[in-house]
Amino acid sequence: MANGSNGRQHGWCLTVSDHDRLRIFIHEFLVRGLIPWAERMIRTLNDQVTSRRGVGKSLFKKWFGGNKPSEKPTNNTTVVYTSEAPEMQMRRLADLAFMFQLYEIAYQTYHTLKRDFNNDHAWLAYAGALEMASLSVFMQGSQTQRQYPHHYIDSAITTYLNTCRSHQFATRATLLSTEALKSKVMYAEAAQQFIKMTSEDSDLRSALFLEQAAHCFINMKVPMVRKYAFHMILAGHRFSKSGQRRHALRSYSQSLHIFKGKDWTLAEDHINFTVGRQSFNIKQLDNASSALRHLLCRESQQTTSQQSAFLKEYLFVYKQHLQQSATLTSLPQLPLPLINSNDTKTWLGRVDQRGENLQAVAVNSFDDDSPSAAWQQLEELLVRNANSGILPASYKPSVQCFSSKTLNSGSPMAIAGECVTVEVSLANPLKIPVVLTDMALIWNFFPGLFSDDKNQDDTPKAVTNEQLNTAKNTVARALIETGVIQEVILEPLETKKVHLNLVPLQTGELHITGVGYSLGSRSPNQLTTEQRPSFASSITVHGKQNLEVQGPRLNTTKEEKCSKMYGPDRRLDLQVVPEMPLLEVEFHGFPQTLACGEVQQTTIQVRNTGCDPLHRLTVAATQWDFFSFGHCDLPPDSSSPYQVIPDQTDPLEPERVQQPRGYSPVAEVPIPGSSLESGASVTVPMWIRGPTSTDTHHIDFMFYYESVSKNPPLSYRVLRHRVTLKTCNSISVRAMAQPQVDKQNTKTSESLTVTMEVENMNKTQDSTITEVSVLQVSCASQQWILQHLSTQRNVDIKVSSQESVFLCFKATRCQDCLKESGEGSIKFSNVTFDQHQISSSTPPCSDFHFKSLQQSHTDRQNIQQIDPQTSPQELKNNNQSSLSLIVFWKGYQVDETGCSCAIVGQHHIHMNSFGVPVTSPPVPKIRMELSPVVFIRDSNSAPNQITNEASKSQLVRYCLVHSPQMEHDFHKSRLCFVSVKLVLHNCSLEDVECEVTTRPEVTRVDVSSVSDLSATDKPKSQTFTWSGLVLTRVQIPIGQTRTVPATACFCSAGVYNLCNFQVSAALHEGATVDRMFTVQQQTSPSIITIYEAS
């Protein structure tokens, strides 16, 4: 040991001889003194005990009570022996034998004494004998065959506690016993003894024993982990009650490793909260903040008040921790809200936040993050148009929204002075509202990229807005304008997407690293009123959360497949390039609902908000015949989208227009000077025409423009916009042209009979267009001119809901027009039914016509590619004989408020062959549904079941065979009879029975199931009737044809449609009488012309 005065050790002056003398002295003392004395004492005590505890003396003592020990009871539970008592002599003998490692003699003596002490009710001595007896057996080790009598020590501990009320002796016995049990690998018994010693008398002793019991559970052969953690929590609690905070923190921290990540959320929350409290009490603020942070990072099953207490406790502790951290240079990490970094989207542009007064603004949304094939096709079409039909080898589709669905191996290219918007998904896992204030993006910026200064450093210094230094933040604001959101309130368990933006003012490299904000809490009982809510708690902590995106997993090489390797994702690492023009387009007066074929005028406002002028502004759409541009200097009449021809114009004189070589899907936006300066805006009129099919249409617009400056960072830029439009029914037009054969020249026809049927497709019960008027029918052709057949002009033709009108025109060949204007000239002839004649050869009428014609040619070319037998001469003849009809109509539409407004529109009919009916909109062919193939023995045992109503209406196809024209002298004979043959063909796979009637009102057929078919809605002519045939039935086998003769009777000359009869059919099923006949679909009109004989 060290000397307190001079720091030297005792015995440092002893020599070797002194050491030898001391060793010899100790040996002589033990051999000649201590050991012989111990032997004599053991022998003497043994003799005395043997002589004094004979049988007779024992009986005398028992019977007469002689030599009784003096009783001095302690707590009325024990006695005290004198030093000369035989029991004390035996105890002295046992202790001496135990001291000199004579454990067998000691055990025998202690074992004898425990019975005597028990008989004498000497409980303290009795417990001591039990304790020493068990220790004697334990100290013998493997030299004895006895089992360790742990029940002795249990009895001793129980006696100390309950009878003697001696907790110190019980504690001593427990410590000795548990060490013995642990050495015997009896951890369960040791843990039980430790737990038995826990009580409310001493928190410190109970804490120590609970901790030792926990270690016994963890050291068992099969570790009881949860019992270990539970008793460590109990020990920490008792340590905390005894004021031992460090030991309490240690106990709770050890139990936390067991409950962490095991979905025992309530237990884990309790431990974390206690660890935070204890760490805060001993001034370990870092550990306290970390423990309280875990209470807020996930969904919890705690009550609302408890979660509110957790959040306030964290904010209070963490704010004190930040105040004590004087060396803090960056923002701390905050636990709330939860941010999924992989859901982060980067948008090169600003999300429009203006009011709802604009019905449509051409800006993109974050929903367009996945690359769409439609957008790529439009962009490729625009690029080809700008490069003379050639797609550059370096072409790559432009991407403006970068997300986890896009390829982010390269850095996005941002424009200096333009906004960059980042969408961050915030989730509140708590049941209480969370308030975020002053939210902004955290970034690092490396200036100097694309700079003209050649003397700049090769390694520019990074500038960040995360610095707490005010001067450095001033420099950061001069480089990047960072948008700040004043307040974001996350309701309980709410997920909200927040748009944060910044504007780089200088070229360089921009790395977005995280989101900075102030975290606060709001009282859970605060009501959300109409006024803007704010947090009730005044404690806020300013911090951040990092945005760390993960790229796609690599799976190419063997190494990548065997391990988890991810590619780069640079959606948040932007390159800022110099200024460029920026286009904004606003759609004014754009409707949300249109009737099929309806034409409306809208305007678009084109604005250049960039720093450079732009030119070569073009646009493409998925439905390129949907719109048409006008001119800025010649706006159309405001009352109607059509231009009106002056009254002095000859209606028979056709208007000549040079036929365009082909309408491109790309349209040039007409802006003055073909360029748009920085800050300038132009309003351009635009006409739109509703699609011919009733549906909800999604029409995509893409605007293409280039910079006027040389060598721009981007060769071109695009702007996307999507329009959602709903169309409703208007009219359906069906027309057919049949040549009129001249008597003198039967090979060529100089005139055509054009029949047209206009039907109002609106139903009566839900009609939005109450009435439709046919304003004008125009013909666009190189050779044909459309004329009136009737002498009555300007007759108002109105068609109500579910009604149709039949019109007939005459088209004559113009021989002089082809010679005068050339092959590329188109003649527009008009037949007007209104007071004013519409100029069909001027925009927008001609634009929509030529675009529709171009689409029709494209569809025919696709058909001709399928049919290679079509010769070039046939194609040329078809083009020369083709004519197009433009039907202008006007309707009165009733809105939801009951107000009526007039709408106008146009339908197009392109006829390329004579005698073939054409409809607008085109009627899709309904394919016959065949029954599935079933393999059976008897083919007649499983007939084909036709249950589809559309298939039942196509069982039979029929047509009329008659002369196309006839002359008759009505002065000689008032009636003209024409023989007609009705040809019926069975198109089904079974025998069919047909019913033909020329008077549908006398038939027994129920046509309620086919009320939408046009066969029952045709008006009947008053000057033509059938003679003889009224009702007949015909059976037609599979694939066979039958003919029904009939006679038509006419009383005046004119053009007639003979299809005013009804054909019904049903499957032939033997002798069934009550069959359900179905009205068959009507074929094309069958026109006959009756001439007055001269």
# chains A, B, ... in the order shown; residues from 1 in each chain; ligands from 1
$ residues_around --residues "Ala462 in chain A" --least-positions-apart "5" --cutoff "12 Å" --atoms "only C-alpha atoms" --output "PDB file with N, CA and C atoms, in the first residue's frame"
ATOM      1  N   TRP A 443     -30.550  23.637 -49.709  1.00  0.00           N
ATOM      2  CA  TRP A 443     -29.794  23.348 -50.928  1.00  0.00           C
ATOM      3  C   TRP A 443     -28.333  23.730 -50.760  1.00  0.00           C
ATOM      4  N   ASN A 444     -27.513  23.139 -51.628  1.00  0.00           N
ATOM      5  CA  ASN A 444     -26.113  23.502 -51.807  1.00  0.00           C
ATOM      6  C   ASN A 444     -25.934  23.928 -53.256  1.00  0.00           C
ATOM      7  N   PHE A 445     -25.254  25.044 -53.451  1.00  0.00           N
ATOM      8  CA  PHE A 445     -25.096  25.610 -54.794  1.00  0.00           C
ATOM      9  C   PHE A 445     -23.619  25.853 -55.073  1.00  0.00           C
ATOM     10  N   PHE A 446     -23.179  25.395 -56.251  1.00  0.00           N
ATOM     11  CA  PHE A 446     -21.803  25.609 -56.713  1.00  0.00           C
ATOM     12  C   PHE A 446     -21.863  26.563 -57.901  1.00  0.00           C
ATOM     13  N   PRO A 447     -21.634  27.844 -57.715  1.00  0.00           N
ATOM     14  CA  PRO A 447     -21.726  28.795 -58.829  1.00  0.00           C
ATOM     15  C   PRO A 447     -20.538  28.662 -59.764  1.00  0.00           C
ATOM     16  N   GLY A 448     -20.737  29.201 -60.984  1.00  0.00           N
ATOM     17  CA  GLY A 448     -19.634  29.260 -61.929  1.00  0.00           C
ATOM     18  C   GLY A 448     -19.813  28.427 -63.159  1.00  0.00           C
ATOM     19  N   GLN A 467     -26.762  27.500 -43.348  1.00  0.00           N
ATOM     20  CA  GLN A 467     -25.930  28.151 -42.352  1.00  0.00           C
ATOM     21  C   GLN A 467     -26.773  29.033 -41.448  1.00  0.00           C
ATOM     22  N   LYS A 472     -23.815  34.837 -44.214  1.00  0.00           N
ATOM     23  CA  LYS A 472     -23.788  33.792 -45.239  1.00  0.00           C
ATOM     24  C   LYS A 472     -25.167  33.582 -45.845  1.00  0.00           C
ATOM     25  N   VAL A 475     -25.687  36.082 -48.656  1.00  0.00           N
ATOM     26  CA  VAL A 475     -25.041  35.673 -49.897  1.00  0.00           C
ATOM     27  C   VAL A 475     -25.877  34.591 -50.592  1.00  0.00           C
ATOM     28  N   ALA A 476     -26.443  33.673 -49.823  1.00  0.00           N
ATOM     29  CA  ALA A 476     -27.249  32.608 -50.411  1.00  0.00           C
ATOM     30  C   ALA A 476     -28.504  33.160 -51.067  1.00  0.00           C
ATOM     31  N   LEU A 479     -28.061  34.400 -54.577  1.00  0.00           N
ATOM     32  CA  LEU A 479     -27.870  33.396 -55.622  1.00  0.00           C
ATOM     33  C   LEU A 479     -29.144  32.615 -55.918  1.00  0.00           C
ATOM     34  N   GLY A 508     -24.872  27.337 -62.513  1.00  0.00           N
ATOM     35  CA  GLY A 508     -24.061  26.523 -61.614  1.00  0.00           C
ATOM     36  C   GLY A 508     -24.696  25.164 -61.389  1.00  0.00           C
ATOM     37  N   GLU A 509     -24.278  24.521 -60.319  1.00  0.00           N
ATOM     38  CA  GLU A 509     -24.805  23.217 -59.927  1.00  0.00           C
ATOM     39  C   GLU A 509     -25.611  23.399 -58.649  1.00  0.00           C
ATOM     40  N   LEU A 510     -26.829  22.917 -58.678  1.00  0.00           N
ATOM     41  CA  LEU A 510     -27.747  23.062 -57.556  1.00  0.00           C
ATOM     42  C   LEU A 510     -28.097  21.677 -57.033  1.00  0.00           C
ATOM     43  N   HIS A 511     -27.839  21.446 -55.742  1.00  0.00           N
ATOM     44  CA  HIS A 511     -28.141  20.173 -55.093  1.00  0.00           C
ATOM     45  C   HIS A 511     -29.137  20.442 -53.974  1.00  0.00           C
TER      46      HIS A 511
END
$ closest_residue --among "A:Ser166, A:Ser308, A:Gln143, A:Gln333" --to "Arg293 in chain A" --atoms "only C-alpha atoms"
A:Gln333
$ residues_around --residues "Gly551 in chain A" --least-positions-apart "5" --cutoff "12 Å" --atoms "only C-alpha atoms" --output "ChimeraX atom specification"
/A:341-343,403-410,564-572
$ write_last_selection --atoms "all heavy atoms" --output "compact mmCIF listing (two decimals), in the first residue's frame"
# COMPACT_ATOMS: atom_id res chain seq x y z
N SER A 341 -38.71 9.92 -49.11
CA SER A 341 -37.87 10.64 -50.08
C SER A 341 -38.07 10.13 -51.50
O SER A 341 -37.95 10.90 -52.47
CB SER A 341 -36.40 10.53 -49.68
OG SER A 341 -36.19 11.13 -48.41
N ASN A 342 -38.36 8.84 -51.67
CA ASN A 342 -38.51 8.30 -53.02
C ASN A 342 -39.77 8.80 -53.71
O ASN A 342 -39.89 8.70 -54.93
CB ASN A 342 -38.53 6.77 -52.98
CG ASN A 342 -37.14 6.19 -52.81
OD1 ASN A 342 -36.15 6.83 -53.14
ND2 ASN A 342 -37.06 5.00 -52.27
N ASP A 343 -40.73 9.35 -52.96
CA ASP A 343 -41.92 9.94 -53.56
C ASP A 343 -41.72 11.39 -53.96
O ASP A 343 -42.65 12.03 -54.47
CB ASP A 343 -43.11 9.84 -52.60
CG ASP A 343 -43.58 8.40 -52.42
OD1 ASP A 343 -43.23 7.57 -53.27
OD2 ASP A 343 -44.28 8.12 -51.43
N SER A 403 -39.37 11.87 -61.29
CA SER A 403 -39.86 11.13 -60.14
C SER A 403 -39.23 9.74 -60.16
O SER A 403 -38.31 9.47 -60.92
CB SER A 403 -41.39 11.05 -60.17
OG SER A 403 -41.82 10.28 -61.27
N SER A 404 -39.76 8.87 -59.32
CA SER A 404 -39.25 7.50 -59.26
C SER A 404 -39.63 6.71 -60.51
O SER A 404 -39.07 5.63 -60.74
CB SER A 404 -39.81 6.79 -58.02
OG SER A 404 -41.23 6.80 -58.03
N LYS A 405 -40.56 7.20 -61.34
CA LYS A 405 -40.96 6.51 -62.55
C LYS A 405 -40.12 6.90 -63.76
O LYS A 405 -40.27 6.30 -64.82
CB LYS A 405 -42.44 6.78 -62.85
CG LYS A 405 -43.38 6.33 -61.75
CD LYS A 405 -44.82 6.66 -62.09
CE LYS A 405 -45.77 6.27 -60.98
NZ LYS A 405 -47.17 6.61 -61.31
N THR A 406 -39.27 7.92 -63.64
CA THR A 406 -38.46 8.39 -64.77
C THR A 406 -37.03 7.92 -64.61
O THR A 406 -36.59 7.52 -63.52
CB THR A 406 -38.51 9.92 -64.87
OG1 THR A 406 -38.06 10.48 -63.62
CG2 THR A 406 -39.93 10.39 -65.13
N LEU A 407 -36.29 7.99 -65.70
CA LEU A 407 -34.86 7.63 -65.69
C LEU A 407 -34.08 8.86 -65.23
O LEU A 407 -34.03 9.87 -65.92
CB LEU A 407 -34.43 7.18 -67.08
CG LEU A 407 -32.96 6.73 -67.21
CD1 LEU A 407 -32.69 5.51 -66.33
CD2 LEU A 407 -32.65 6.41 -68.67
N ASN A 408 -33.46 8.76 -64.07
CA ASN A 408 -32.81 9.90 -63.45
C ASN A 408 -31.30 9.74 -63.37
O ASN A 408 -30.66 10.21 -62.43
CB ASN A 408 -33.38 10.12 -62.04
CG ASN A 408 -34.88 10.30 -62.02
OD1 ASN A 408 -35.44 10.94 -62.91
ND2 ASN A 408 -35.54 9.72 -61.05
N SER A 409 -30.73 9.06 -64.35
CA SER A 409 -29.27 8.89 -64.34
C SER A 409 -28.55 10.20 -64.67
O SER A 409 -27.40 10.40 -64.28
CB SER A 409 -28.86 7.80 -65.32
OG SER A 409 -29.33 8.11 -66.63
N GLY A 410 -29.20 11.09 -65.40
CA GLY A 410 -28.63 12.39 -65.72
C GLY A 410 -29.28 13.49 -64.91
O GLY A 410 -30.42 13.36 -64.44
N LYS A 564 -27.25 -6.21 -53.26
CA LYS A 564 -28.16 -5.10 -53.46
C LYS A 564 -27.36 -3.87 -53.86
O LYS A 564 -26.72 -3.22 -53.01
CB LYS A 564 -28.97 -4.82 -52.18
CG LYS A 564 -29.98 -5.91 -51.86
CD LYS A 564 -30.83 -5.52 -50.65
CE LYS A 564 -31.87 -6.59 -50.35
NZ LYS A 564 -32.71 -6.23 -49.18
N MET A 565 -27.39 -3.55 -55.13
CA MET A 565 -26.69 -2.39 -55.66
C MET A 565 -27.70 -1.52 -56.40
O MET A 565 -28.56 -2.03 -57.14
CB MET A 565 -25.56 -2.81 -56.61
CG MET A 565 -24.51 -3.70 -55.95
SD MET A 565 -23.21 -4.22 -57.09
CE MET A 565 -22.47 -2.62 -57.46
N TYR A 566 -27.61 -0.23 -56.18
CA TYR A 566 -28.57 0.71 -56.75
C TYR A 566 -27.85 1.72 -57.63
O TYR A 566 -26.70 2.12 -57.34
CB TYR A 566 -29.33 1.45 -55.64
CG TYR A 566 -30.17 0.53 -54.78
CD1 TYR A 566 -29.66 -0.06 -53.64
CD2 TYR A 566 -31.48 0.23 -55.14
CE1 TYR A 566 -30.42 -0.92 -52.86
CE2 TYR A 566 -32.26 -0.61 -54.37
CZ TYR A 566 -31.73 -1.19 -53.23
OH TYR A 566 -32.50 -2.03 -52.47
N GLY A 567 -28.53 2.10 -58.69
CA GLY A 567 -27.98 3.08 -59.61
C GLY A 567 -28.16 4.50 -59.09
O GLY A 567 -28.83 4.74 -58.08
N PRO A 568 -27.58 5.48 -59.79
CA PRO A 568 -27.70 6.87 -59.34
C PRO A 568 -29.09 7.43 -59.62
O PRO A 568 -29.77 7.03 -60.55
CB PRO A 568 -26.63 7.60 -60.16
CG PRO A 568 -26.49 6.77 -61.41
CD PRO A 568 -26.74 5.34 -61.00
N ASP A 569 -29.48 8.36 -58.79
CA ASP A 569 -30.74 9.08 -58.95
C ASP A 569 -30.44 10.56 -58.70
O ASP A 569 -30.23 10.98 -57.57
CB ASP A 569 -31.80 8.58 -57.97
CG ASP A 569 -33.20 9.07 -58.33
OD1 ASP A 569 -33.31 10.25 -58.73
OD2 ASP A 569 -34.15 8.30 -58.21
N ARG A 570 -30.43 11.33 -59.79
CA ARG A 570 -30.02 12.73 -59.71
C ARG A 570 -31.19 13.68 -59.94
O ARG A 570 -31.03 14.74 -60.51
CB ARG A 570 -28.91 13.01 -60.74
CG ARG A 570 -27.65 12.20 -60.50
CD ARG A 570 -26.53 12.63 -61.43
NE ARG A 570 -25.30 11.93 -61.15
CZ ARG A 570 -24.93 10.79 -61.72
NH1 ARG A 570 -25.72 10.22 -62.62
NH2 ARG A 570 -23.79 10.20 -61.39
N ARG A 571 -32.36 13.28 -59.51
CA ARG A 571 -33.52 14.15 -59.74
C ARG A 571 -33.43 15.43 -58.90
O ARG A 571 -34.08 16.42 -59.21
CB ARG A 571 -34.80 13.40 -59.42
CG ARG A 571 -35.09 13.23 -57.96
CD ARG A 571 -36.34 12.45 -57.68
NE ARG A 571 -36.09 11.02 -57.67
CZ ARG A 571 -36.91 10.13 -57.14
NH1 ARG A 571 -38.06 10.53 -56.64
NH2 ARG A 571 -36.61 8.85 -57.15
N LEU A 572 -32.64 15.41 -57.82
CA LEU A 572 -32.47 16.59 -56.97
C LEU A 572 -31.14 17.29 -57.20
O LEU A 572 -30.81 18.23 -56.46
CB LEU A 572 -32.60 16.20 -55.49
CG LEU A 572 -33.95 15.61 -55.07
CD1 LEU A 572 -33.94 15.23 -53.59
CD2 LEU A 572 -35.09 16.59 -55.35
$ select_by_dssp --residues "range 361-518 of chain A" --states "alpha helix (DSSP H)" --output "PyMOL selection string"
chain A and resi 373-386+470-479
$ residues_around --residues "Val498 in chain A" --least-positions-apart "2" --cutoff "9 Å" --atoms "only C-alpha atoms" --output "PyMOL selection string"
chain A and resi 422-426+488+496+500
$ residues_around --residues "Phe280 in chain A" --least-positions-apart "2" --cutoff "12 Å" --atoms "only C-alpha atoms" --output "short mmCIF file (atom, residue, chain, number, x, y, z; two decimals) with C-alpha atoms, in the first residue's frame"
data_model
loop_
_atom_site.label_atom_id
_atom_site.label_comp_id
_atom_site.auth_asym_id
_atom_site.auth_seq_id
_atom_site.Cartn_x
_atom_site.Cartn_y
_atom_site.Cartn_z
CA ARG A 245 -31.14 8.09 -11.54
CA ARG A 246 -28.04 6.86 -13.30
CA LEU A 249 -31.28 5.05 -16.74
CA PHE A 273 -40.26 8.27 -22.33
CA THR A 274 -38.66 7.19 -19.03
CA VAL A 275 -35.18 7.14 -20.58
CA GLY A 276 -35.78 10.65 -21.86
CA ARG A 277 -36.94 11.85 -18.47
CA GLN A 278 -34.02 10.26 -16.58
CA ILE A 282 -28.95 14.03 -15.16
CA LYS A 283 -28.37 16.66 -17.88
CA GLN A 284 -27.77 14.19 -20.73
CA LEU A 285 -29.83 16.23 -23.17
CA ASP A 286 -28.53 14.49 -26.29
CA ASN A 287 -29.60 11.09 -25.00
CA ALA A 288 -32.92 12.53 -23.81
CA SER A 289 -33.66 14.04 -27.22
CA SER A 290 -32.81 10.79 -28.98
CA ALA A 291 -35.10 8.78 -26.69
CA LEU A 292 -38.03 11.20 -26.99
CA GLU A 313 -41.82 17.06 -23.85
CA TYR A 314 -39.67 16.51 -26.94
CA PHE A 316 -39.02 21.38 -24.57
CA VAL A 317 -36.05 19.05 -24.15
CA TYR A 318 -34.75 19.49 -27.68
CA GLN A 320 -32.84 23.26 -24.34
CA HIS A 321 -30.41 20.90 -26.00
#
$ residues_around --residues "range 149-155 of chain A" --least-positions-apart "2" --cutoff "9 Å" --atoms "only C-alpha atoms" --output "list in words"
Ala127, Leu130, Glu131, Met132, Ala133, Ser134, Leu135, Val137, Phe138, Arg146, Gln147, Ile157, Thr158, Thr159, Tyr160, Ala173, Thr174, Ser177, Ala180, Leu181, Glu189 and Gln193 of chain A
$ atom_distance --atom1 "CA of Arg607 in chain A" --atom2 "CA of Thr482 in chain A"
24.6 Å
